[in-house]
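Scroll down for the structure; my scribbles are underneath it.
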Amino acid sequence: MKNLLGGKGANLAEMASLGLPVPPGFTITTEVCGLYYRNGRALPEGLAPQVERALVKVGQETGARFGDEENPLLVAVRSGSRASMPGMMDTILNLGLNDRTVLGLARRSGDERFAYDSYRRFIQMYGDVVLGVDHGVFEDILDNFKNLNGYSFDTELGADEWRAVIALYKTAIEDALGAPFPQDTNEQLWGAIGAVFGSWLNARAVTYRRLHAIPDEWGTAVNVQAMVFGNMGDTSATGVAFTRNPSTGANEIYGEYLVNAQGEDVVAGIRTPQPLTLKARLEAEDPNLSLEEEMPQAFSELKLIFSALESRYRDMQDIEFTIQNGKVWMLQTRSGKRTAEAAVKIAVDMADEGIITREEAVLRVDPSGFTQLLHPTIDPAGEKELLTTGLPASPGAAAGAIVFNSDEAERQKQQGRDVILVRTETSPEDIHGMHASAGILTARGGMTSHAAVVARGMGVPCVSGAGALRINEKAETLSIGPRALKAGDVITIDGATGRVYAGSVPMRQPQLSGDFARLIGWADDARGLAVRANADTPKDARQARSFGAQGIGLCRTEHMFFDAARILAMREMICATNEAGRRAALAKILPFQRSDFIELFEIMGELPVTIRLLDPPLHEFLPRHERELEAVAAELKMPVEKLKARVAELSEFNPMLGLRGSRLAIRYPEITEMQARAIFEAAIEAEKRLGAAIVPEIMIPLVAYRREFDILAGVIRATAETVEKEAGARLDYKLGTMIELPRACIKADKLAEGEDGAEFFSFGTNDLTQTILGLSRDDASPILSTYATQGVYETDPFVSIDQQGVGELVKIGVERGRAEKPGLKMGICGEHGGDPDSVAFFHKLGFDYVSCSPFRVPIARLAAAQAAIRAKLETPEKSETRPAF
């Protein structure tokens with residue numbers, strides 16, 4: 001029931017039904033969230049009496065009463081979306097305290113310090129989340145108080161000190177708002193419920209949902225639960241645990257705890273926590289006792305609970321717990337965020353353990369996360385200068401310039417720079433900067449802190465809790481002992497070991513073997529779609545084969561012309577004033593093209609290679625700036641004015657819709673003739689070297705009319721006949737077209753018609769998206785960013801295919817092409833070929849293959865398998881209708 005109750009509420013109910021120790025509470029459903037926004041951020045009538053009755057029942061379960069001055073019931077008010085969004089929405093703890101109930105809590109607990117510590121925590125949280133007073137105000141008050149009185153840690157403050165801090169907090173709130181801190185516990189409760197619903201649309205939650213493709217209309221539930229206290233002294237604690245290691249996937253308890261603390265202390269990174277297990281403590285060389293040593297009875301109980309929860313959910317669990325005076329309480333369980341490496345290992349191990357099937361293991365791993373497995377690692381043989389060591393919070397190595405705030409990280413990312421975000425500790429407001437950074441480094445916080453959990457979910461390398469760092473965020477400097485660094489200085493972090501190095505250190509590429517190889521092998525057994533790569537160079541082709549590509553789905557021949565040794569001949573061809581001049585220049589390019597194709601054919605062997613003929617407009621090969629124009633004119637031995645005139649002649653208002661692709665080839669058929677000759681001569685030579693059949697697939701770009709295809713197919717076929725006669729060999733090849741214009745989709749039957757029609761279609765969805773939506777991907781960023789905030793689309797259409805619009809025309813193209821020529825081979829070679837949602841869409845349309853960049857091949861292989869498995873298992877799911885808000 002997580003769609004209705006949210007993940008937290010559903011799992012709390014599940015744990016309660018299993019007989020686990022869960023504090024009593026109730027859930028206000030996600031439906032109310034929809035009503036809240038439809039009603040202009042007002043809660044619906046009829047909710048109040050239901051909440052009041054539920055509170056009475058919770059009080060009866062706990063032997064306390066909400067608002068009672070002698071025996072007060074305190075509650076936690078927490079959010080809970082159906083999808084896990086760690087730290088993105090708001091929580092209020094210790095609600096129900098005021099100047100009178102705090103006295104009752106102190107008497108009932110026999111611990112004044114605990115009561116006032118809880119009260120100051122409540123004021124700070126409520127003041128920030130509900131009243132809107134900047135949390136920095138409270139942090140400054142507490143830091144100043146501790147400094148003036150010689151305290152280092154919060155735990156050193158007694159009841160009198162906390163009373164003094166509370167007075168300062170309340171004064172700050174009244175100064176900021178012109179009204180006192182609310183003493184009415186019912187006002188507190190409704191303020192908290194409204195604030196948690198309101199946090200669904202706060203900036204960090206919206207950003208997180210956009211990054212993780214979580215629909216805005218889902219909404220959040222609100223969970224109201226009786227408080228249990230980890231801050232009641234040395235027999236109490238709070239902690240976060242994973243039933244398996246979320247960084248490596250090892251089958252071991254992983255997590256941290258703090259004695260005499262509440263849960264926010266752990267996840268916010270305010271104090272660096274202690275490890276749960278003795279093994280982890282020894283590995284970290286931590287002098288503090290583990291929970292296993294400090295509270296052995298509670299630890300043993302937790303181990304049994306962890307085992308029961310993993311068995312129940314058949315997945316690694318992320319668990320929050322509190323120990324109050326030695327008694328264990330469960331506050332949350334959910335499927336844990338994990339690195340891609342851990343996801344693969346956990347899935348494979350659970351399949352080996354018989355907990356899940358191999359197909360379930362394939363479904364358990366997020367294909368997009370595979371990019372994490374392609375992170376470089378530190379080369380152990382390389383020279384490096386160690387600056388400091390922290391906790392290995394999220395694996396992978398990253399180098400970049402230091403930045404001290406998230407806005408700057410985002411700015412520099414947009415300028416193409418790699419940055420390392422350095423913070424004392426991150427907060428949920430840093431989500432955009434964390435996403436923009438190559439790596440994250442924090443001075444405080446553990447391996448279950450906000451920085452660690454979010455970084456692991458994003459696949460961003462992270463080192464947390466590097467206690468030797470002294471960070472001055474205002475001055476934008478940091479020091480490590482005598483060493484000082486400033487914004488812009490380059491450092492390298494290793495999220496697998498926790499080490500931080502000066503400068504940029506040597507790295508090496510990972511080897512995809514072991515558990516990864518087994519899982520991807522299971523995926524290959526399940527999938528129907530072939531996966532090819534977009535590869536233009538031998539380097540790309542080798543990389544693609546190493547990642548399991550089943551051929552090349554797109555070789556963009558123009559990329560071969562930009563090499564310094566070739567560009568001059570290309571420019572000479574462009575500037576030629578007649579066909580003879582063009583042919584003379586093309587004759588210089590031919591050996592280069594032929595050599596490239598021979599190497600590609602040799603690398604790919606008998607695997608298919610689809611070669612797209614020259615596509616971009618000619619002006620792209622010419623210089624633009626004065627100094628460069630002069631240099632090129634000198635190389636070409638022509639007056640600079642003549643070169644400028646040629647550049648001006650070729651300039652177009654919208655070159656993406658101008659003289660390119662088939663249009664360029666029809667105007668200058670000698671270009672197509674040269675390229676076809678290079679392909680055919682290379683195929684004959686590669687076939688001799690390999691002793692295997694080479695069948696190149698030649699693709700004509702930007703075709704809208706059948707006559708365009710016929711003209712160029714005629715040039716290619718005539719060239720093939722000439723090469724066959726010259727070489728005394730027999731050529732086997734296929735002729736197809738790239739579908740990247742709306743008219744090509746609509747008239748696909750004509751393009752495929754007859755024996756001389758196209759033998760394959762390859763949908764170029766990058767250009768198809770541009771031409772259908774009327775958006776240039778090079779200029780669309782400001783439009784798309786505005787549209788994202790306005791909810792015009794859920795996903796960037798250049799990232800994941802617009803299934804309702806672009807996808808409909810693709811479907812038409814497939815259906816009409818195959819209606820004319822059954823079995824017509826269908827491929828897709830836009831970057832959508834590496835997007836998991838798009839791959840699933842292409843699977844449904846019956847494509848033969850997808851093609852994507854080499855580093856996305858593993859993603860596409862897994863996504864194709866998941867699409868096939870889901871199609872096999874698919875049963876109509878009952879969808880819940882939710883009002884949009």
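Identifiers for the structure tokens are assigned positionally: chains receive A, B, ... in sequence, residues are indexed from 1 per chain, and ligands are indexed from 1 in the order shown.
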Could you go through stretch 590-792 of chain A and tell me which residues DSSP, when run on the backbone, assigns to strand (DSSP E), listing them as a PDB file with N, CA and C atoms, in the first residue's frame?
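What landed in result31.pdb:
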ATOM      1  N   VAL A 609      28.511  -3.493 -39.271  1.00  0.00           N
ATOM      2  CA  VAL A 609      29.003  -2.125 -39.151  1.00  0.00           C
ATOM      3  C   VAL A 609      28.145  -1.244 -40.060  1.00  0.00           C
ATOM      4  N   THR A 610      27.413  -0.309 -39.450  1.00  0.00           N
ATOM      5  CA  THR A 610      26.568   0.619 -40.208  1.00  0.00           C
ATOM      6  C   THR A 610      27.298   1.944 -40.351  1.00  0.00           C
ATOM      7  N   ILE A 611      27.544   2.337 -41.594  1.00  0.00           N
ATOM      8  CA  ILE A 611      28.318   3.541 -41.878  1.00  0.00           C
ATOM      9  C   ILE A 611      27.396   4.601 -42.476  1.00  0.00           C
ATOM     10  N   ARG A 612      27.307   5.725 -41.794  1.00  0.00           N
ATOM     11  CA  ARG A 612      26.494   6.828 -42.300  1.00  0.00           C
ATOM     12  C   ARG A 612      27.361   7.713 -43.192  1.00  0.00           C
ATOM     13  N   GLU A 697      26.970  -2.056 -43.913  1.00  0.00           N
ATOM     14  CA  GLU A 697      25.632  -1.486 -44.037  1.00  0.00           C
ATOM     15  C   GLU A 697      25.806   0.014 -44.274  1.00  0.00           C
ATOM     16  N   ILE A 698      25.429   0.471 -45.454  1.00  0.00           N
ATOM     17  CA  ILE A 698      25.635   1.872 -45.825  1.00  0.00           C
ATOM     18  C   ILE A 698      24.325   2.630 -45.631  1.00  0.00           C
ATOM     19  N   MET A 699      24.423   3.724 -44.889  1.00  0.00           N
ATOM     20  CA  MET A 699      23.216   4.450 -44.494  1.00  0.00           C
ATOM     21  C   MET A 699      23.233   5.860 -45.089  1.00  0.00           C
ATOM     22  N   ILE A 700      22.155   6.181 -45.802  1.00  0.00           N
ATOM     23  CA  ILE A 700      22.003   7.496 -46.424  1.00  0.00           C
ATOM     24  C   ILE A 700      21.249   8.401 -45.449  1.00  0.00           C
ATOM     25  N   LYS A 734      24.522  -3.861 -47.649  1.00  0.00           N
ATOM     26  CA  LYS A 734      23.125  -3.476 -47.482  1.00  0.00           C
ATOM     27  C   LYS A 734      23.017  -1.963 -47.573  1.00  0.00           C
ATOM     28  N   LEU A 735      21.932  -1.513 -48.161  1.00  0.00           N
ATOM     29  CA  LEU A 735      21.661  -0.085 -48.281  1.00  0.00           C
ATOM     30  C   LEU A 735      20.420   0.266 -47.462  1.00  0.00           C
ATOM     31  N   GLY A 736      20.574   1.246 -46.608  1.00  0.00           N
ATOM     32  CA  GLY A 736      19.432   1.668 -45.806  1.00  0.00           C
ATOM     33  C   GLY A 736      19.412   3.167 -45.640  1.00  0.00           C
ATOM     34  N   THR A 737      18.514   3.622 -44.839  1.00  0.00           N
ATOM     35  CA  THR A 737      18.413   5.068 -44.638  1.00  0.00           C
ATOM     36  C   THR A 737      18.209   5.405 -43.174  1.00  0.00           C
ATOM     37  N   MET A 738      18.629   6.600 -42.848  1.00  0.00           N
ATOM     38  CA  MET A 738      18.417   7.116 -41.497  1.00  0.00           C
ATOM     39  C   MET A 738      17.078   7.838 -41.482  1.00  0.00           C
ATOM     40  N   ILE A 739      16.249   7.483 -40.542  1.00  0.00           N
ATOM     41  CA  ILE A 739      14.931   8.121 -40.408  1.00  0.00           C
ATOM     42  C   ILE A 739      15.058   9.213 -39.362  1.00  0.00           C
ATOM     43  N   PHE A 760      17.172  -1.450 -44.583  1.00  0.00           N
ATOM     44  CA  PHE A 760      17.072  -1.251 -43.122  1.00  0.00           C
ATOM     45  C   PHE A 760      16.762   0.213 -42.853  1.00  0.00           C
ATOM     46  N   PHE A 761      16.140   0.435 -41.709  1.00  0.00           N
ATOM     47  CA  PHE A 761      15.910   1.785 -41.199  1.00  0.00           C
ATOM     48  C   PHE A 761      16.718   1.933 -39.910  1.00  0.00           C
ATOM     49  N   SER A 762      17.339   3.080 -39.743  1.00  0.00           N
ATOM     50  CA  SER A 762      17.940   3.414 -38.458  1.00  0.00           C
ATOM     51  C   SER A 762      17.403   4.779 -38.052  1.00  0.00           C
ATOM     52  N   PHE A 763      16.660   4.815 -36.962  1.00  0.00           N
ATOM     53  CA  PHE A 763      16.024   6.054 -36.525  1.00  0.00           C
ATOM     54  C   PHE A 763      17.051   6.927 -35.801  1.00  0.00           C
TER      55      PHE A 763
END
message = Please list as a PyMOL selection string every residue within 12 Å of A:Ile711, counting only C-alpha atoms and excluding residues in the same chain fewer than 3 positions away.
response = chain A and resi 662-663+665-669+672-673+700+703+705-708+714-718+756-757
task = Could you please determine the separation between atom CA of A:Leu690 and atom CA of A:Met674 in Å, to one decimal place?
result = 24.0 Å
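Candidate residues A:Trp218, A:Ser776, A:Met570, A:Ile193 were compared for distance to A:Ala587, and the nearest is A:Met570, using only C-alpha atoms.
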ask   = Which parts of stretch 178-285 of chain A does DSSP call alpha helix (DSSP H) when run on the backbone here, written out as a PyMOL selection string?
value = chain A and resi 185-198+203-212+263-267+278-284
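Taking only C-alpha atoms, the non-local environment of A:Val344 within 8 Å (same-chain residues fewer than 5 positions away omitted) comprises Gly249, Val365, Asp515, Phe516 and Leu519 of chain A.
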Writer output for current selection, N, CA and C atoms, as a PDB file, in the first residue's frame:
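Just written: selection_3.pdb:
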ATOM      1  N   GLY A 249      28.489  -4.162  -1.330  1.00  0.00           N
ATOM      2  CA  GLY A 249      27.542  -5.264  -1.472  1.00  0.00           C
ATOM      3  C   GLY A 249      27.857  -6.450  -0.585  1.00  0.00           C
ATOM      4  N   VAL A 365      18.793  -4.335 -10.588  1.00  0.00           N
ATOM      5  CA  VAL A 365      19.880  -3.372 -10.789  1.00  0.00           C
ATOM      6  C   VAL A 365      19.413  -2.259 -11.720  1.00  0.00           C
ATOM      7  N   ASP A 515      31.220 -10.394 -10.670  1.00  0.00           N
ATOM      8  CA  ASP A 515      29.766 -10.356 -10.513  1.00  0.00           C
ATOM      9  C   ASP A 515      29.103  -9.602 -11.667  1.00  0.00           C
ATOM     10  N   PHE A 516      29.753  -8.531 -12.127  1.00  0.00           N
ATOM     11  CA  PHE A 516      29.197  -7.776 -13.248  1.00  0.00           C
ATOM     12  C   PHE A 516      29.053  -8.680 -14.474  1.00  0.00           C
ATOM     13  N   LEU A 519      26.127 -11.090 -14.046  1.00  0.00           N
ATOM     14  CA  LEU A 519      24.808 -10.461 -14.157  1.00  0.00           C
ATOM     15  C   LEU A 519      24.505 -10.071 -15.603  1.00  0.00           C
TER      16      LEU A 519
END
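Comparing A:Glu385, A:Asp111, A:Asp366, A:Asp184 by their smallest distance to A:Phe66, the closest is A:Asp184 (using only C-alpha atoms).
For the residues A:Ser406, A:Ala788, A:Gly416, A:Val500, ranking by smallest atom-to-atom distance to A:Ala443 using only C-alpha atoms places A:Val500 first.
Remark: for A:Glu820, the closest of the candidate residues A:Gly754, A:Gly191, A:Gly396, A:Pro215 is A:Gly754 (distances computed over only C-alpha atoms).
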ask   = Skipping near chain neighbours, those fewer than 3 positions away, what residues fall within 7 Å of A:Met507 using only C-alpha atoms, listed as a ChimeraX atom specification?
value = /A:376-379
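The environment of A:Asn405 within 8 Å, counting only C-alpha atoms and disregarding residues fewer than 2 places along the same chain, consists of Val403, Asp407, Glu408, Ala409, Leu421, Val422, Arg423, Asp430, Gly433 and Glu473 of chain A.
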If you keep C-alpha atoms, can you produce a file of those selected residues as a short mmCIF file (atom, residue, chain, number, x, y, z; two decimals), in the first residue's frame?
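out05.cif, freshly written:
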data_model
loop_
_atom_site.label_atom_id
_atom_site.label_comp_id
_atom_site.auth_asym_id
_atom_site.auth_seq_id
_atom_site.Cartn_x
_atom_site.Cartn_y
_atom_site.Cartn_z
CA VAL A 403 34.37 24.80 -4.62
CA ASP A 407 25.64 27.32 -6.53
CA GLU A 408 29.27 27.72 -7.56
CA ALA A 409 29.53 23.99 -8.28
CA LEU A 421 32.32 20.21 -3.54
CA VAL A 422 33.96 20.73 -0.14
CA ARG A 423 31.63 21.31 2.83
CA ASP A 430 23.06 21.08 -1.47
CA GLY A 433 25.60 21.17 -6.16
CA GLU A 473 33.42 28.60 3.78
#
ask   = Skipping near chain neighbours, those fewer than 3 positions away, what residues fall within 8 Å of stretch 44-57 of chain A using only C-alpha atoms, listed as a PyMOL selection string?
value = chain A and resi 25-26+32+35-36+39+60-61+65-66
Those same residues, written as a compact mmCIF listing (two decimals), in the first residue's frame with C-alpha atoms?
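Full text of out_17.txt as output:
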# COMPACT_ATOMS: atom_id res chain seq x y z
CA GLY A 25 1.46 5.90 15.32
CA PHE A 26 -0.73 6.60 12.30
CA VAL A 32 -4.53 14.22 1.55
CA LEU A 35 -6.21 17.68 -1.54
CA TYR A 36 -3.86 19.99 0.37
CA ASN A 39 -7.24 23.48 -1.71
CA GLN A 60 -3.55 4.79 25.23
CA GLU A 61 -0.87 2.52 23.71
CA ARG A 65 -1.68 11.92 26.62
CA PHE A 66 -0.95 14.56 23.99
request  = Please provide as a PyMOL selection string all residues within 8 Å of A:Leu93, with the sequence filter that same-chain residues fewer than 3 positions apart are discarded (counting only C-alpha atoms).
outcome  = chain A and resi 75-77+121-122+125+227
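In terms of minimum interatomic distance to A:Leu712, A:Leu613 ranks closest within A:Leu643, A:Asp265, A:Leu613, A:Phe547, counting only C-alpha atoms.
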ask   = What is the atom CA of A:Leu751-atom CA of A:Ala533 distance in Å, reported with one decimal?
value = 24.7 Å
message = One decimal, in Å: what's the spacing between atom CA of A:Asp154 and atom CA of A:Ala484?
response = 28.8 Å
